[in-house]
Amino acid sequence: MIFILILFGILLSFITVMLFIFLCAKIILTIIKKNPFPKKILFATLSGVVLVSSIYIYETYFFTFSEINRASIQKGPGPVISPTEEYTANAYYEPYGGAAGGVNVRVEITNNYVKNKSQVVYYSDAKSNFAMKWLNEDTLYIINDEPDFPNSNRSIELEIGKEIYHRNGLACKSLLMKDEYETCYQN
């Protein structure tokens, strides 16, 4: 669903840009030749701008992890059970982009005392060195780095129920997710 929306947004953006160029040409001709103002092209261009803006706003401010393609996910390291056995951390890998693409990793925490209560607390591109360990009953340390590339370190310490990490910050901007955490980290 999200892929179709992105593809539709790109196509709509292209059409809107072409309409804008055509509108500018018509406005110049209107000024030079004293023709009537091109109202229909102006309306079509403004409609395209509104639709492209709406898709951007939806993608940015209404993000949830439910949009992850669950058909292609693969089980990663885990389960890693907290010292008090209240939480279980599981990692999942999500390949993207085909043969030339990469892999994203998400860490989902399940509360073992509350039925059907789980939360994604970490989402990033996967590096070659990935591991999870509990530092105490509610702090999970996620190691996600590439030893040969120091600038690619995505490791973080997260307090469960209070902190979340999303590589590009969509979870941090989401109006739908703002009640699920106190602090959101992004790269």
# chains A, B, ... in the order shown; residues from 1 in each chain; ligands from 1
>>> residues_around(residues="A:Ser174", least_positions_apart="6", cutoff="9 Å", atoms="only C-alpha atoms", output="ChimeraX atom specification")
/A:59-64
>>> select_by_dssp(residues="stretch 6-172 of chain A", states="strand (DSSP E)", output="number ranges by chain")
A: 74-75, 80-81, 87-96, 102-111, 118-125, 129-136, 139-145, 156-159, 163-166
>>> residues_around(residues="A:Ser152", least_positions_apart="2", cutoff="12 Å", atoms="only C-alpha atoms", output="PyMOL selection string")
chain A and resi 124-129+143-150+154-155+167+187
>>> write_last_selection(atoms="N, CA and C atoms", output="JSON list (two decimals), in the first residue's frame")
[["chain", "number", "residue", "atom", "x", "y", "z"],
["A", 124, "SER", "N", 15.98, 0.69, 11.91],
["A", 124, "SER", "CA", 17.14, 1.27, 11.23],
["A", 124, "SER", "C", 17.60, 0.33, 10.13],
["A", 125, "ASP", "N", 18.58, 0.79, 9.37],
["A", 125, "ASP", "CA", 19.22, -0.09, 8.42],
["A", 125, "ASP", "C", 20.13, -1.04, 9.19],
["A", 126, "ALA", "N", 20.14, -2.30, 8.79],
["A", 126, "ALA", "CA", 20.91, -3.31, 9.50],
["A", 126, "ALA", "C", 22.38, -3.25, 9.10],
["A", 127, "LYS", "N", 23.24, -3.37, 10.09],
["A", 127, "LYS", "CA", 24.69, -3.42, 9.87],
["A", 127, "LYS", "C", 25.17, -4.85, 10.12],
["A", 128, "SER", "N", 26.43, -5.12, 9.83],
["A", 128, "SER", "CA", 26.95, -6.48, 9.95],
["A", 128, "SER", "C", 27.07, -6.94, 11.40],
["A", 129, "ASN", "N", 27.24, -6.02, 12.34],
["A", 129, "ASN", "CA", 27.37, -6.36, 13.74],
["A", 129, "ASN", "C", 26.09, -5.93, 14.46],
["A", 143, "ILE", "N", 23.07, -3.08, 19.69],
["A", 143, "ILE", "CA", 24.32, -2.86, 18.97],
["A", 143, "ILE", "C", 24.02, -3.06, 17.49],
["A", 144, "ASN", "N", 24.29, -2.03, 16.71],
["A", 144, "ASN", "CA", 24.05, -2.09, 15.26],
["A", 144, "ASN", "C", 25.10, -1.20, 14.60],
["A", 145, "ASP", "N", 26.23, -1.81, 14.27],
["A", 145, "ASP", "CA", 27.29, -1.02, 13.65],
["A", 145, "ASP", "C", 28.05, -1.84, 12.62],
["A", 146, "GLU", "N", 28.82, -1.12, 11.86],
["A", 146, "GLU", "CA", 29.69, -1.68, 10.84],
["A", 146, "GLU", "C", 31.10, -1.34, 11.29],
["A", 147, "PRO", "N", 31.88, -2.32, 11.80],
["A", 147, "PRO", "CA", 33.20, -2.02, 12.38],
["A", 147, "PRO", "C", 34.15, -1.26, 11.45],
["A", 148, "ASP", "N", 34.08, -1.49, 10.16],
["A", 148, "ASP", "CA", 34.98, -0.82, 9.23],
["A", 148, "ASP", "C", 34.57, 0.61, 8.91],
["A", 149, "PHE", "N", 33.35, 1.00, 9.29],
["A", 149, "PHE", "CA", 32.83, 2.33, 9.00],
["A", 149, "PHE", "C", 32.30, 2.97, 10.29],
["A", 150, "PRO", "N", 33.14, 3.71, 11.01],
["A", 150, "PRO", "CA", 32.73, 4.26, 12.32],
["A", 150, "PRO", "C", 31.53, 5.20, 12.25],
["A", 154, "ARG", "N", 24.79, 2.70, 14.62],
["A", 154, "ARG", "CA", 23.39, 2.97, 14.97],
["A", 154, "ARG", "C", 23.05, 2.33, 16.32],
["A", 155, "SER", "N", 24.06, 2.10, 17.16],
["A", 155, "SER", "CA", 23.84, 1.48, 18.47],
["A", 155, "SER", "C", 23.22, 2.50, 19.42],
["A", 167, "ARG", "N", 15.47, 5.54, 12.45],
["A", 167, "ARG", "CA", 16.61, 6.07, 11.70],
["A", 167, "ARG", "C", 16.31, 7.40, 11.02],
["A", 187, "ASN", "N", 18.54, 9.55, 13.50],
["A", 187, "ASN", "CA", 19.91, 9.73, 13.04],
["A", 187, "ASN", "C", 20.05, 11.03, 12.31]]
>>> residues_around(residues="A:Tyr141", least_positions_apart="4", cutoff="9 Å", atoms="only C-alpha atoms", output="CSV table (one decimal) with C-alpha atoms, in the first residue's frame")
chain,number,residue,atom,x,y,z
A,131,ALA,CA,23.1,-7.8,18.8
A,132,MET,CA,20.8,-7.0,21.8
A,133,LYS,CA,21.3,-7.2,25.5
A,134,TRP,CA,19.4,-6.1,28.6
A,135,LEU,CA,21.3,-3.7,30.8
A,155,SER,CA,23.8,1.5,18.5
A,156,ILE,CA,21.7,2.9,21.2
A,157,GLU,CA,20.5,2.3,24.8
A,158,LEU,CA,16.7,2.5,25.1
A,159,GLU,CA,14.5,2.6,28.2
>>> closest_residue(among="A:Tyr165, A:Tyr181, A:Tyr122, A:Tyr113", to="A:Glu85", atoms="only C-alpha atoms")
A:Tyr113
>>> residues_around(residues="A:Glu108", least_positions_apart="4", cutoff="7 Å", atoms="only C-alpha atoms", output="PDB file with C-alpha atoms, in the first residue's frame")
ATOM      1  CA  ALA A  89      12.984  -8.421  22.623  1.00  0.00           C
ATOM      2  CA  ASN A  90      12.859  -9.832  19.094  1.00  0.00           C
ATOM      3  CA  ALA A  91      14.626  -8.504  16.016  1.00  0.00           C
ATOM      4  CA  SER A 118       4.041  -5.312  21.850  1.00  0.00           C
ATOM      5  CA  GLN A 119       5.794  -2.210  20.611  1.00  0.00           C
ATOM      6  CA  VAL A 120       8.437  -1.488  17.997  1.00  0.00           C
ATOM      7  CA  VAL A 121      11.194   0.465  19.758  1.00  0.00           C
TER       8      VAL A 121
END
